[in-house]
>>> print(open('start-v8.csv').read())   # CSV, C-alpha atoms and all ligand atoms
chain,number,residue,atom,x,y,z
A,1,MET,CA,186.9,21.2,-56.5
A,2,THR,CA,188.5,19.2,-53.7
A,3,ALA,CA,190.7,16.1,-53.5
A,4,ASP,CA,187.4,14.2,-52.9
A,5,THR,CA,185.8,15.3,-56.2
A,6,PRO,CA,185.7,12.3,-58.6
A,7,LYS,CA,188.2,12.5,-61.5
A,8,VAL,CA,186.6,13.1,-64.9
A,9,VAL,CA,187.9,11.4,-68.1
A,10,SER,CA,186.9,13.2,-71.3
A,11,PRO,CA,186.0,11.9,-73.8
A,12,ALA,CA,185.6,8.3,-72.6
A,13,SER,CA,185.2,5.1,-74.5
A,14,LEU,CA,182.2,3.0,-73.7
A,15,ASP,CA,183.3,0.0,-75.8
A,16,GLN,CA,184.1,-2.1,-72.7
A,17,ALA,CA,181.1,-0.7,-70.8
A,18,ASN,CA,178.2,-2.3,-72.6
A,19,SER,CA,177.4,-6.0,-73.0
A,20,PHE,CA,176.4,-5.6,-76.6
A,21,GLY,CA,180.0,-4.8,-77.2
A,22,VAL,CA,179.3,-1.9,-79.6
A,23,SER,CA,181.6,1.0,-80.1
A,24,ALA,CA,180.5,4.2,-78.5
A,25,GLN,CA,181.8,7.1,-76.5
A,26,ALA,CA,180.7,9.5,-73.8
A,27,ALA,CA,181.6,13.2,-73.7
A,28,ALA,CA,182.9,12.5,-70.2
A,29,ALA,CA,182.9,9.8,-67.6
A,30,LEU,CA,183.8,9.3,-63.9
A,31,GLN,CA,183.6,6.6,-61.3
A,32,VAL,CA,181.7,6.8,-58.0
A,33,SER,CA,183.2,4.4,-55.5
A,34,ARG,CA,182.4,6.2,-52.2
A,35,ARG,CA,179.2,7.6,-50.8
A,36,ASP,CA,180.8,11.0,-50.3
A,37,HIS,CA,181.5,11.2,-54.0
A,38,PHE,CA,177.9,12.1,-54.6
A,39,TYR,CA,178.2,15.3,-52.5
A,40,HIS,CA,181.0,16.5,-54.8
A,41,LEU,CA,179.3,15.8,-58.2
A,42,HIS,CA,177.7,19.3,-58.4
A,43,GLU,CA,181.2,20.8,-58.3
A,44,LEU,CA,181.8,19.4,-61.8
A,45,PRO,CA,180.8,21.5,-64.8
A,46,GLU,CA,180.1,18.3,-66.8
A,47,TYR,CA,177.6,17.3,-64.1
A,48,ARG,CA,175.9,20.7,-63.9
A,49,SER,CA,175.6,21.4,-67.6
A,50,GLY,CA,174.8,18.3,-69.7
A,51,PRO,CA,172.9,15.1,-69.6
A,52,VAL,CA,174.0,12.7,-67.0
A,53,MET,CA,173.6,8.9,-66.9
A,54,MET,CA,174.6,6.3,-64.3
A,55,LEU,CA,175.8,3.0,-65.6
A,56,GLY,CA,176.4,-0.3,-63.8
A,57,GLY,CA,177.3,-3.4,-65.8
A,58,GLY,CA,176.0,-1.9,-69.1
A,59,SER,CA,174.0,-5.1,-69.7
A,60,ASN,CA,170.7,-3.4,-70.3
A,61,ILE,CA,171.6,-0.7,-72.7
A,62,LEU,CA,172.0,-0.2,-76.4
A,63,PHE,CA,174.2,2.7,-77.6
A,64,ALA,CA,172.7,3.4,-81.0
A,65,GLY,CA,174.9,6.5,-80.9
A,66,ASP,CA,177.4,8.3,-78.7
A,67,TYR,CA,176.4,9.8,-75.4
A,68,PRO,CA,176.8,13.6,-75.4
A,69,GLY,CA,176.9,13.9,-71.6
A,70,LEU,CA,178.6,12.5,-68.4
A,71,VAL,CA,178.5,8.8,-67.7
A,72,ILE,CA,178.8,7.9,-64.0
A,73,PHE,CA,180.1,4.4,-63.4
A,74,ASN,CA,178.7,3.1,-60.1
A,75,ARG,CA,181.3,1.2,-58.3
A,76,LEU,CA,179.9,1.2,-54.7
A,77,ALA,CA,180.7,-2.1,-53.1
A,78,GLY,CA,179.4,-4.1,-50.1
A,79,ARG,CA,176.9,-6.7,-48.9
A,80,GLN,CA,175.5,-6.9,-45.5
A,81,VAL,CA,172.9,-8.8,-43.5
A,82,LEU,CA,171.2,-5.9,-41.5
A,83,ASP,CA,168.7,-7.6,-39.4
A,84,ALA,CA,167.5,-11.2,-39.0
A,85,THR,CA,164.7,-12.9,-37.2
A,86,ASP,CA,163.9,-16.6,-37.3
A,87,LYS,CA,161.7,-15.9,-40.3
A,88,HIS,CA,163.3,-13.1,-42.3
A,89,ALA,CA,166.5,-11.3,-42.9
A,90,TYR,CA,167.0,-7.8,-44.4
A,91,VAL,CA,170.0,-7.7,-46.7
A,92,ARG,CA,171.7,-4.6,-48.1
A,93,LEU,CA,173.5,-4.8,-51.4
A,94,GLN,CA,175.4,-1.8,-52.8
A,95,ALA,CA,174.7,-0.8,-56.3
A,96,GLY,CA,178.1,-1.6,-57.8
A,97,GLU,CA,178.0,-5.2,-56.8
A,98,ASN,CA,177.5,-7.9,-59.5
A,99,TRP,CA,174.0,-9.1,-59.4
A,100,HIS,CA,174.5,-12.8,-59.8
A,101,GLU,CA,177.4,-13.0,-57.3
A,102,SER,CA,175.1,-11.2,-54.8
A,103,VAL,CA,172.4,-13.7,-55.4
A,104,LEU,CA,174.8,-16.5,-54.7
A,105,TRP,CA,176.1,-14.7,-51.6
A,106,THR,CA,172.6,-14.5,-50.2
A,107,LEU,CA,172.1,-18.2,-50.8
A,108,GLN,CA,175.4,-18.9,-49.0
A,109,GLN,CA,174.0,-17.0,-46.0
A,110,GLY,CA,171.1,-19.5,-46.0
A,111,LEU,CA,168.6,-16.9,-47.2
A,112,ALA,CA,166.0,-17.6,-49.9
A,113,GLY,CA,164.1,-15.4,-52.3
A,114,LEU,CA,166.5,-14.4,-55.1
A,115,GLU,CA,167.2,-18.0,-56.4
A,116,ASN,CA,164.9,-17.6,-59.5
A,117,LEU,CA,166.8,-14.4,-60.4
A,118,SER,CA,170.2,-16.2,-60.7
A,119,LEU,CA,172.5,-15.4,-63.6
A,120,ILE,CA,170.8,-12.2,-64.7
A,121,PRO,CA,173.7,-10.2,-66.0
A,122,GLY,CA,174.6,-6.7,-64.7
A,123,ALA,CA,175.0,-4.8,-61.4
A,124,VAL,CA,172.7,-4.6,-58.4
A,125,GLY,CA,172.0,-0.9,-59.2
A,126,ALA,CA,170.3,-1.9,-62.4
A,127,ALA,CA,168.0,-4.4,-60.8
A,128,PRO,CA,165.4,-2.0,-59.5
A,129,ILE,CA,165.5,0.1,-62.6
A,130,GLN,CA,163.8,-2.5,-64.8
A,131,ASN,CA,162.4,-4.5,-61.9
A,132,VAL,CA,164.3,-7.6,-63.1
A,133,GLY,CA,162.3,-10.7,-63.3
A,134,ALA,CA,162.6,-14.3,-64.3
A,135,TYR,CA,160.8,-17.6,-63.7
A,136,GLY,CA,157.8,-16.1,-62.0
A,137,VAL,CA,159.7,-13.9,-59.5
A,138,GLU,CA,160.5,-10.2,-59.8
A,139,LEU,CA,162.6,-7.9,-57.7
A,140,ALA,CA,159.5,-6.1,-56.4
A,141,ASP,CA,158.4,-9.3,-54.7
A,142,VAL,CA,161.4,-9.1,-52.2
A,143,LEU,CA,162.5,-5.5,-52.3
A,144,ASP,CA,162.1,-3.6,-49.1
A,145,GLN,CA,163.7,-0.3,-50.0
A,146,VAL,CA,166.1,1.5,-52.3
A,147,GLU,CA,168.5,4.2,-51.2
A,148,VAL,CA,169.0,6.8,-53.9
A,149,TRP,CA,170.9,10.0,-54.4
A,150,ASP,CA,168.1,12.4,-55.3
A,151,ARG,CA,169.6,14.9,-57.8
A,152,GLN,CA,166.7,17.3,-57.3
A,153,ARG,CA,167.2,17.6,-53.6
A,154,GLN,CA,171.0,17.0,-53.7
A,155,ASP,CA,170.6,14.5,-50.8
A,156,TRP,CA,170.1,10.8,-49.9
A,157,ARG,CA,166.6,9.4,-49.8
A,158,MET,CA,165.1,6.0,-48.9
A,159,LEU,CA,162.3,4.9,-51.2
A,160,ASN,CA,160.1,2.1,-50.0
A,161,ASN,CA,158.7,-0.6,-52.3
A,162,LYS,CA,155.6,1.4,-53.0
A,163,ALA,CA,157.4,4.6,-53.8
A,164,CYS,CA,159.4,2.7,-56.5
A,165,ALA,CA,156.1,2.2,-58.4
A,166,PHE,CA,157.2,-1.1,-59.8
A,167,GLY,CA,155.5,-2.5,-62.9
A,168,TYR,CA,156.4,-5.2,-65.4
A,169,ARG,CA,160.1,-4.5,-66.2
A,170,ASP,CA,159.3,-0.9,-65.1
A,171,SER,CA,159.8,1.5,-62.2
A,172,ILE,CA,160.0,5.1,-61.2
A,173,PHE,CA,163.7,5.0,-62.1
A,174,LYS,CA,162.9,4.1,-65.6
A,175,ARG,CA,160.2,6.7,-66.0
A,176,ASP,CA,162.2,9.5,-64.4
A,177,PRO,CA,165.8,8.5,-65.4
A,178,GLU,CA,167.3,12.0,-64.7
A,179,ARG,CA,166.2,12.2,-61.0
A,180,TYR,CA,167.7,9.3,-59.0
A,181,PHE,CA,170.9,7.4,-58.7
A,182,VAL,CA,170.5,4.0,-57.1
A,183,VAL,CA,173.0,3.7,-54.2
A,184,ASN,CA,171.9,0.4,-52.6
A,185,ILE,CA,168.9,-1.9,-52.3
A,186,THR,CA,167.6,-3.7,-49.2
A,187,VAL,CA,165.8,-7.0,-49.8
A,188,LYS,CA,163.7,-9.0,-47.4
A,189,LEU,CA,164.6,-12.6,-47.7
A,190,ARG,CA,163.3,-15.8,-46.1
A,191,VAL,CA,165.1,-17.9,-43.6
A,192,LYS,CA,162.6,-20.7,-44.2
A,193,PRO,CA,162.3,-20.9,-48.0
A,194,LYS,CA,159.1,-20.7,-50.0
A,195,LEU,CA,160.0,-21.8,-53.5
A,196,ASN,CA,158.3,-20.5,-56.6
A,197,LEU,CA,158.3,-23.3,-59.1
A,198,ARG,CA,155.4,-22.0,-61.1
A,199,TYR,CA,157.2,-22.0,-64.5
A,200,HIS,CA,157.1,-25.5,-66.0
A,201,GLY,CA,160.5,-25.1,-67.6
A,202,LEU,CA,162.0,-24.8,-64.1
A,203,ARG,CA,160.1,-27.7,-62.7
A,204,ASP,CA,161.1,-29.8,-65.7
A,205,GLU,CA,164.7,-29.0,-65.1
A,206,LEU,CA,164.6,-29.9,-61.4
A,207,ASN,CA,162.9,-33.2,-62.3
A,208,ALA,CA,165.6,-33.8,-64.9
A,209,MET,CA,168.1,-33.2,-62.1
A,210,GLY,CA,166.3,-35.9,-60.0
A,211,LEU,CA,165.3,-33.3,-57.3
A,212,SER,CA,161.8,-33.8,-56.0
A,213,ASN,CA,162.5,-31.8,-52.9
A,214,PRO,CA,164.8,-29.0,-54.1
A,215,THR,CA,166.6,-26.4,-51.9
A,216,PRO,CA,166.9,-22.7,-53.0
A,217,LEU,CA,170.5,-23.5,-54.1
A,218,ASP,CA,169.1,-26.3,-56.3
A,219,VAL,CA,166.6,-23.9,-57.9
A,220,SER,CA,169.5,-21.4,-58.5
A,221,ARG,CA,171.5,-24.2,-60.2
A,222,ALA,CA,168.5,-25.2,-62.3
A,223,VAL,CA,168.0,-21.6,-63.4
A,224,CYS,CA,171.7,-21.3,-64.3
A,225,THR,CA,171.5,-24.5,-66.3
A,226,ILE,CA,168.5,-23.4,-68.3
A,227,ARG,CA,169.8,-19.9,-68.9
A,228,ARG,CA,173.2,-21.2,-70.0
A,229,ARG,CA,171.5,-23.5,-72.4
A,230,LYS,CA,169.0,-21.0,-73.8
A,231,LEU,CA,170.7,-17.7,-73.7
A,232,PRO,CA,173.9,-16.6,-75.5
A,233,ASP,CA,176.7,-15.7,-73.1
A,234,PRO,CA,177.5,-11.9,-73.4
A,235,ALA,CA,181.2,-12.8,-72.7
A,236,ARG,CA,181.2,-14.7,-76.1
A,237,ILE,CA,178.7,-12.9,-78.2
A,238,GLY,CA,177.5,-9.3,-77.5
A,239,ASN,CA,173.9,-9.1,-76.3
A,240,ALA,CA,171.7,-7.4,-73.6
A,241,GLY,CA,169.4,-10.4,-72.8
A,242,SER,CA,165.8,-10.0,-73.8
A,243,PHE,CA,165.4,-7.1,-76.1
A,244,PHE,CA,161.7,-6.8,-76.0
A,245,LYS,CA,159.1,-6.9,-73.2
A,246,ASN,CA,156.4,-9.5,-73.4
A,247,PRO,CA,153.3,-7.6,-74.7
A,248,VAL,CA,150.2,-7.5,-72.5
A,249,VAL,CA,147.0,-7.3,-74.5
A,250,SER,CA,143.3,-7.4,-73.9
A,251,PRO,CA,141.5,-10.8,-73.8
A,252,GLU,CA,139.7,-9.7,-77.0
A,253,GLN,CA,142.9,-9.1,-78.9
A,254,ALA,CA,144.4,-12.3,-77.6
A,255,ALA,CA,141.3,-14.2,-78.8
A,256,ARG,CA,141.5,-12.5,-82.2
A,257,ILE,CA,145.1,-13.6,-82.7
A,258,GLY,CA,144.5,-17.0,-81.1
A,259,ALA,CA,141.8,-17.7,-83.8
A,260,ASP,CA,144.5,-17.8,-86.4
A,261,TYR,CA,147.2,-19.3,-84.1
A,262,PRO,CA,145.6,-21.7,-81.6
A,263,GLN,CA,149.0,-22.8,-80.4
A,264,MET,CA,150.0,-19.3,-79.3
A,265,PRO,CA,151.1,-19.2,-75.6
A,266,CYS,CA,148.9,-17.0,-73.5
A,267,PHE,CA,149.3,-16.2,-69.8
A,268,GLY,CA,146.4,-14.6,-67.9
A,269,GLN,CA,147.2,-11.7,-65.6
A,270,ALA,CA,145.6,-10.9,-62.3
A,271,ASP,CA,143.8,-7.9,-63.9
A,272,GLY,CA,142.3,-10.1,-66.7
A,273,ALA,CA,144.8,-9.0,-69.4
A,274,ILE,CA,146.7,-11.6,-71.3
A,275,LYS,CA,150.5,-11.7,-71.5
A,276,LEU,CA,151.9,-13.0,-74.8
A,277,SER,CA,155.4,-14.4,-75.5
A,278,ALA,CA,157.4,-11.8,-77.5
A,279,ALA,CA,159.9,-14.6,-78.4
A,280,TRP,CA,157.0,-16.6,-79.9
A,281,LEU,CA,155.7,-13.7,-82.0
A,282,ILE,CA,159.2,-12.9,-83.3
A,283,GLU,CA,159.8,-16.6,-84.1
A,284,GLN,CA,156.5,-16.7,-86.1
A,285,CYS,CA,157.8,-13.8,-88.2
A,286,GLY,CA,160.9,-15.8,-89.1
A,287,TRP,CA,163.5,-13.7,-87.3
A,288,LYS,CA,165.1,-16.3,-85.1
A,289,GLY,CA,168.7,-16.8,-86.2
A,290,TYR,CA,168.4,-14.0,-88.8
A,291,ARG,CA,171.6,-12.1,-89.5
A,292,ASP,CA,172.4,-8.9,-91.4
A,293,GLY,CA,176.1,-8.3,-91.3
A,294,ASP,CA,177.1,-8.6,-87.7
A,295,ALA,CA,173.7,-7.6,-86.3
A,296,GLY,CA,171.4,-10.6,-85.7
A,297,VAL,CA,168.8,-12.4,-83.7
A,298,SER,CA,170.1,-15.3,-81.6
A,299,GLU,CA,169.7,-18.8,-83.0
A,300,ARG,CA,169.0,-19.9,-79.4
A,301,HIS,CA,166.4,-17.4,-78.4
A,302,ALA,CA,164.3,-15.1,-80.6
A,303,LEU,CA,164.1,-12.4,-77.9
A,304,VAL,CA,167.9,-11.8,-77.9
A,305,LEU,CA,169.5,-9.5,-80.4
A,306,VAL,CA,173.2,-10.3,-80.9
A,307,ASN,CA,176.3,-8.6,-82.1
A,308,HIS,CA,178.3,-11.2,-84.1
A,309,GLY,CA,181.4,-9.1,-83.9
A,310,CYS,CA,181.5,-5.5,-85.2
A,311,ALA,CA,177.9,-4.5,-85.4
A,312,SER,CA,177.2,-0.9,-84.7
A,313,GLY,CA,174.6,0.1,-82.1
A,314,ALA,CA,172.7,1.9,-85.0
A,315,SER,CA,172.5,-1.4,-87.0
A,316,LEU,CA,171.2,-3.3,-84.0
A,317,TRP,CA,168.6,-0.6,-83.4
A,318,ASP,CA,167.7,-0.7,-87.1
A,319,LEU,CA,167.2,-4.4,-86.9
A,320,ALA,CA,165.0,-4.0,-83.7
A,321,GLN,CA,162.8,-1.5,-85.6
A,322,ARG,CA,162.4,-3.9,-88.5
A,323,ILE,CA,161.4,-6.7,-86.1
A,324,ARG,CA,158.9,-4.3,-84.4
A,325,SER,CA,157.4,-3.4,-87.8
A,326,SER,CA,156.9,-7.0,-88.9
A,327,ILE,CA,155.2,-7.9,-85.6
A,328,HIS,CA,153.0,-4.9,-85.8
A,329,GLU,CA,152.0,-5.7,-89.4
A,330,ARG,CA,151.2,-9.3,-88.7
A,331,PHE,CA,149.8,-9.2,-85.1
A,332,ASP,CA,148.9,-5.5,-84.6
A,333,ILE,CA,151.1,-5.4,-81.5
A,334,ARG,CA,153.8,-2.9,-80.9
A,335,LEU,CA,156.7,-4.5,-79.0
A,336,GLN,CA,158.5,-2.3,-76.5
A,337,PRO,CA,162.2,-2.6,-76.0
A,338,GLU,CA,163.4,-3.7,-72.6
A,339,PRO,CA,166.8,-2.0,-72.5
A,340,VAL,CA,167.5,1.7,-72.5
A,341,VAL,CA,168.3,2.8,-76.0
A,342,ILE,CA,170.6,5.8,-76.5
A,343,LEU,CA,169.8,7.4,-79.8
A,344,PRO,CA,172.4,9.4,-81.8
A,345,ALA,CA,170.5,12.6,-81.0
A,346,ALA,CA,171.0,11.8,-77.3
A,347,LYS,CA,167.3,11.2,-76.9
A,348,THR,CA,166.9,8.3,-74.4
A,349,ASP,CA,164.4,6.0,-75.9
A,350,THR,CA,162.2,3.6,-73.9
A,351,PRO,CA,159.2,3.8,-76.2
A,401,LIG,P1,159.9,-19.5,-71.5
A,401,LIG,O1,160.0,-20.3,-70.2
A,401,LIG,O2,160.2,-20.0,-72.8
A,401,LIG,O3,158.5,-18.7,-71.6
A,401,LIG,C1,158.3,-17.7,-72.6
A,401,LIG,C2,157.6,-16.5,-72.0
A,401,LIG,O4,156.4,-17.0,-71.4
A,401,LIG,C3,158.4,-16.0,-70.9
A,401,LIG,O5,159.0,-14.8,-71.3
A,401,LIG,C4,157.5,-15.8,-69.7
A,401,LIG,O6,157.2,-14.5,-69.3
A,401,LIG,C5,156.2,-16.5,-70.1
A,401,LIG,N1,155.9,-17.6,-69.2
A,401,LIG,C6,156.3,-18.8,-69.2
A,401,LIG,N2,155.7,-19.5,-68.2
A,401,LIG,C7,154.9,-18.7,-67.6
A,401,LIG,C8,154.0,-18.8,-66.5
A,401,LIG,N3,153.9,-20.0,-65.8
A,401,LIG,N4,153.3,-17.8,-66.1
A,401,LIG,C9,153.5,-16.6,-66.7
A,401,LIG,N5,154.3,-16.4,-67.7
A,401,LIG,C10,155.0,-17.4,-68.2
A,401,LIG,O7,160.8,-18.2,-71.2
A,401,LIG,P2,162.4,-17.9,-71.4
A,401,LIG,O8,162.6,-17.0,-72.5
A,401,LIG,O9,163.2,-19.2,-71.4
A,401,LIG,O10,162.6,-17.1,-70.1
A,401,LIG,C11,162.5,-17.8,-68.8
A,401,LIG,C12,162.4,-16.7,-67.8
A,401,LIG,O11,163.7,-15.9,-67.7
A,401,LIG,C13,161.3,-15.7,-68.0
A,401,LIG,O12,160.7,-15.3,-66.8
A,401,LIG,C14,162.0,-14.5,-68.6
A,401,LIG,O13,161.4,-13.3,-68.4
A,401,LIG,C15,163.4,-14.6,-68.0
A,401,LIG,N6,164.4,-14.0,-68.8
A,401,LIG,C16,164.7,-12.7,-68.7
A,401,LIG,C17,165.7,-12.1,-69.5
A,401,LIG,C18,166.1,-10.7,-69.4
A,401,LIG,O14,167.0,-10.3,-70.0
A,401,LIG,N7,165.4,-9.9,-68.6
A,401,LIG,C19,166.3,-12.9,-70.5
A,401,LIG,C20,165.9,-14.2,-70.7
A,401,LIG,C21,164.9,-14.7,-69.8
A,401,LIG,P3,158.0,-13.5,-68.4
A,401,LIG,O15,159.2,-13.1,-69.2
A,401,LIG,O16,157.1,-12.4,-68.1
A,401,LIG,O17,158.4,-14.3,-67.2
>>> encode(input="start-v8.csv", output="structure tokens")
Amino acid sequence: MTADTPKVVSPASLDQANSFGVSAQAAAALQVSRRDHFYHLHELPEYRSGPVMMLGGGSNILFAGDYPGLVIFNRLAGRQVLDATDKHAYVRLQAGENWHESVLWTLQQGLAGLENLSLIPGAVGAAPIQNVGAYGVELADVLDQVEVWDRQRQDWRMLNNKACAFGYRDSIFKRDPERYFVVNITVKLRVKPKLNLRYHGLRDELNAMGLSNPTPLDVSRAVCTIRRRKLPDPARIGNAGSFFKNPVVSPEQAARIGADYPQMPCFGQADGAIKLSAAWLIEQCGWKGYRDGDAGVSERHALVLVNHGCASGASLWDLAQRIRSSIHERFDIRLQPEPVVILPAAKTDTP
């Protein structure tokens, strides 16, 4: 080991490292704050022997149990406009930067494309993992490439948009969590904005603000206003944003459910499938505002599980399972969790 090998803390509390605010611990933890730290990781027995996980803001994870391996906190910092023409600019954002602050920074540079993704909690490094999306825009729409540390090759690698195999809240990083550490992302942004105001909630908010010809900054403000109104603030009440993905079903299944629930929201996809609103399904089953001890479902948004104070990760996971069962029983739909779930047996669950 050398002076450049990152320092390991063992064991390490994760209480402050997850936005659910549940109590958990890792067998060991370290911080990566310089690129060369990656070269030295293999010198550590904790890195070579056990499970390893990289964590940014901890805003998309539920620790239903302790983590038996090494947690690497990504603290790589920096934002840079790499290249600009009169139409586009390529912007590099290091993985440890805060996502929302980075969105605001790009807007301050006069660059558009990330405005709909304002106020999503967490770090830049987490954004490609679940292909963050909101108000009709997802990261895949603007992402140019992702630089990763490839654990298999023990080297840097640039993955282009296609290689990231993005899907709905999904990517190669989610499907193969052991292989890559996200180091930075490069996004291709617009100098001349092309706004996406497809979601009526966003258009309504801009109208309420009296803005008929909004700028990207206006869109960002409108998104922030809606999110602050609709979603509980993790700084006040523990949560990880949406807990379930919206289910995508066949037109036949949507029609079957729609026969009993004609008011059910349905969104047709390019491939003919139908996206349903998980929040609507959960609300129909009476879970909105439900509370069992300190584990609950937000009163503001049925898709958000909340920790009212001292809920354990296991009790939140148990609640999630009960919600899934009731949706399955009533609608024959299996909801999939959006966050990564660390189970007590150290099995990472993204079923
Ligand atoms: P909403 O506007 O009440 O709509 C409910 C659901 O219907 C959304 O989840 C959205 O799907 C879908 N939807 C609405 N309008 C649509 C359209 N024109 N075309 C296709 N699908 C449409 O949703 P909300 O809960 O307040 O959320 C607003 C946006 O913020 C959504 O895009 C949502 O994904 C995003 N959000 C993300 C998180 C997170 O933690 N990742 C948390 C809260 C909200 P989609 O979710 O597929 O967009």
>>> closest_residue(input="start-v8.csv", among="A:Ser315, A:Ala26, A:Trp280, A:Ile72", to="A:Lys7", atoms="all atoms listed in the file")
A:Ile72
>>> residues_near_ligand(input="start-v8.csv", ligand="ligand LIG 401 (chain A)", cutoff="6 Å", atoms="all atoms listed in the file", output="PyMOL selection string")
chain A and resi 133-136+198-199+201+241-242+267+277
>>> closest_atom_pairs(input="start-v8.csv", of="stretch 205-324 of chain A", to="stretch 110-123 of chain A", cutoff="8 Å", atoms="only C-alpha atoms", output="tab-separated table")
residue	atom	partner	partner_atom	distance
A:Pro216	CA	A:Glu115	CA	5.8
A:Leu217	CA	A:Glu115	CA	6.8
A:Val219	CA	A:Glu115	CA	6.1
A:Ser220	CA	A:Glu115	CA	4.6
A:Val223	CA	A:Asn116	CA	6.4
A:Cys224	CA	A:Leu119	CA	6.0
A:Arg227	CA	A:Leu119	CA	7.5
>>> residues_around(input="start-v8.csv", residues="stretch 9-15 of chain A", least_positions_apart="4", cutoff="10 Å", atoms="all atoms listed in the file", output="list in words")
Ser19, Phe20, Gly21, Val22, Ser23, Ala24, Gln25, Ala26, Ala27, Ala28, Ala29, Leu30, Gln31, Glu46, Gly58, Phe63, Asp66, Tyr67, Pro68, Gly69, Leu70 and Val71 of chain A
>>> closest_residue(input="start-v8.csv", among="A:Ala64, A:Met264, A:Ala240, A:Leu143", to="A:Val304", atoms="all atoms listed in the file")
A:Ala240
>>> build_atoms(input="start-v8.csv", residues="stretch 260-273 of chain A", atoms="N, CA, C and O atoms", output="PDB file, in the frame of the given file")
ATOM      1  N   ASP A 260     143.641 -17.426 -85.287  1.00  0.00           N
ATOM      2  CA  ASP A 260     144.500 -17.800 -86.400  1.00  0.00           C
ATOM      3  C   ASP A 260     145.683 -18.693 -85.926  1.00  0.00           C
ATOM      4  O   ASP A 260     146.267 -19.443 -86.699  1.00  0.00           O
ATOM      5  N   TYR A 261     146.045 -18.529 -84.657  1.00  0.00           N
ATOM      6  CA  TYR A 261     147.200 -19.300 -84.100  1.00  0.00           C
ATOM      7  C   TYR A 261     146.826 -19.938 -82.813  1.00  0.00           C
ATOM      8  O   TYR A 261     147.172 -19.462 -81.720  1.00  0.00           O
ATOM      9  N   PRO A 262     146.084 -21.039 -82.884  1.00  0.00           N
ATOM     10  CA  PRO A 262     145.600 -21.700 -81.600  1.00  0.00           C
ATOM     11  C   PRO A 262     146.702 -22.153 -80.724  1.00  0.00           C
ATOM     12  O   PRO A 262     146.480 -22.315 -79.521  1.00  0.00           O
ATOM     13  N   GLN A 263     147.905 -22.342 -81.269  1.00  0.00           N
ATOM     14  CA  GLN A 263     149.000 -22.800 -80.400  1.00  0.00           C
ATOM     15  C   GLN A 263     149.757 -21.713 -79.717  1.00  0.00           C
ATOM     16  O   GLN A 263     150.730 -21.950 -78.995  1.00  0.00           O
ATOM     17  N   MET A 264     149.295 -20.456 -79.891  1.00  0.00           N
ATOM     18  CA  MET A 264     150.000 -19.300 -79.300  1.00  0.00           C
ATOM     19  C   MET A 264     149.970 -19.369 -77.759  1.00  0.00           C
ATOM     20  O   MET A 264     148.892 -19.491 -77.171  1.00  0.00           O
ATOM     21  N   PRO A 265     151.165 -19.247 -77.089  1.00  0.00           N
ATOM     22  CA  PRO A 265     151.100 -19.200 -75.600  1.00  0.00           C
ATOM     23  C   PRO A 265     150.481 -17.964 -75.078  1.00  0.00           C
ATOM     24  O   PRO A 265     150.754 -16.866 -75.557  1.00  0.00           O
ATOM     25  N   CYS A 266     149.588 -18.127 -74.112  1.00  0.00           N
ATOM     26  CA  CYS A 266     148.900 -17.000 -73.500  1.00  0.00           C
ATOM     27  C   CYS A 266     148.951 -17.171 -71.972  1.00  0.00           C
ATOM     28  O   CYS A 266     148.739 -18.268 -71.465  1.00  0.00           O
ATOM     29  N   PHE A 267     149.236 -16.082 -71.256  1.00  0.00           N
ATOM     30  CA  PHE A 267     149.300 -16.200 -69.800  1.00  0.00           C
ATOM     31  C   PHE A 267     148.403 -15.102 -69.198  1.00  0.00           C
ATOM     32  O   PHE A 267     148.638 -13.901 -69.356  1.00  0.00           O
ATOM     33  N   GLY A 268     147.333 -15.566 -68.543  1.00  0.00           N
ATOM     34  CA  GLY A 268     146.400 -14.600 -67.900  1.00  0.00           C
ATOM     35  C   GLY A 268     146.987 -13.890 -66.770  1.00  0.00           C
ATOM     36  O   GLY A 268     147.740 -14.457 -65.982  1.00  0.00           O
ATOM     37  N   GLN A 269     146.697 -12.589 -66.696  1.00  0.00           N
ATOM     38  CA  GLN A 269     147.200 -11.700 -65.600  1.00  0.00           C
ATOM     39  C   GLN A 269     146.116 -11.531 -64.561  1.00  0.00           C
ATOM     40  O   GLN A 269     144.928 -11.730 -64.846  1.00  0.00           O
ATOM     41  N   ALA A 270     146.533 -11.085 -63.390  1.00  0.00           N
ATOM     42  CA  ALA A 270     145.600 -10.900 -62.300  1.00  0.00           C
ATOM     43  C   ALA A 270     144.463  -9.915 -62.682  1.00  0.00           C
ATOM     44  O   ALA A 270     143.321 -10.071 -62.259  1.00  0.00           O
ATOM     45  N   ASP A 271     144.787  -8.924 -63.530  1.00  0.00           N
ATOM     46  CA  ASP A 271     143.800  -7.900 -63.900  1.00  0.00           C
ATOM     47  C   ASP A 271     142.927  -8.349 -65.105  1.00  0.00           C
ATOM     48  O   ASP A 271     142.159  -7.556 -65.643  1.00  0.00           O
ATOM     49  N   GLY A 272     143.105  -9.594 -65.555  1.00  0.00           N
ATOM     50  CA  GLY A 272     142.300 -10.100 -66.700  1.00  0.00           C
ATOM     51  C   GLY A 272     142.978  -9.942 -68.028  1.00  0.00           C
ATOM     52  O   GLY A 272     142.549 -10.540 -69.023  1.00  0.00           O
ATOM     53  N   ALA A 273     144.038  -9.120 -68.098  1.00  0.00           N
ATOM     54  CA  ALA A 273     144.800  -9.000 -69.400  1.00  0.00           C
ATOM     55  C   ALA A 273     145.535 -10.259 -69.671  1.00  0.00           C
ATOM     56  O   ALA A 273     145.673 -11.134 -68.809  1.00  0.00           O
TER      57      ALA A 273
END
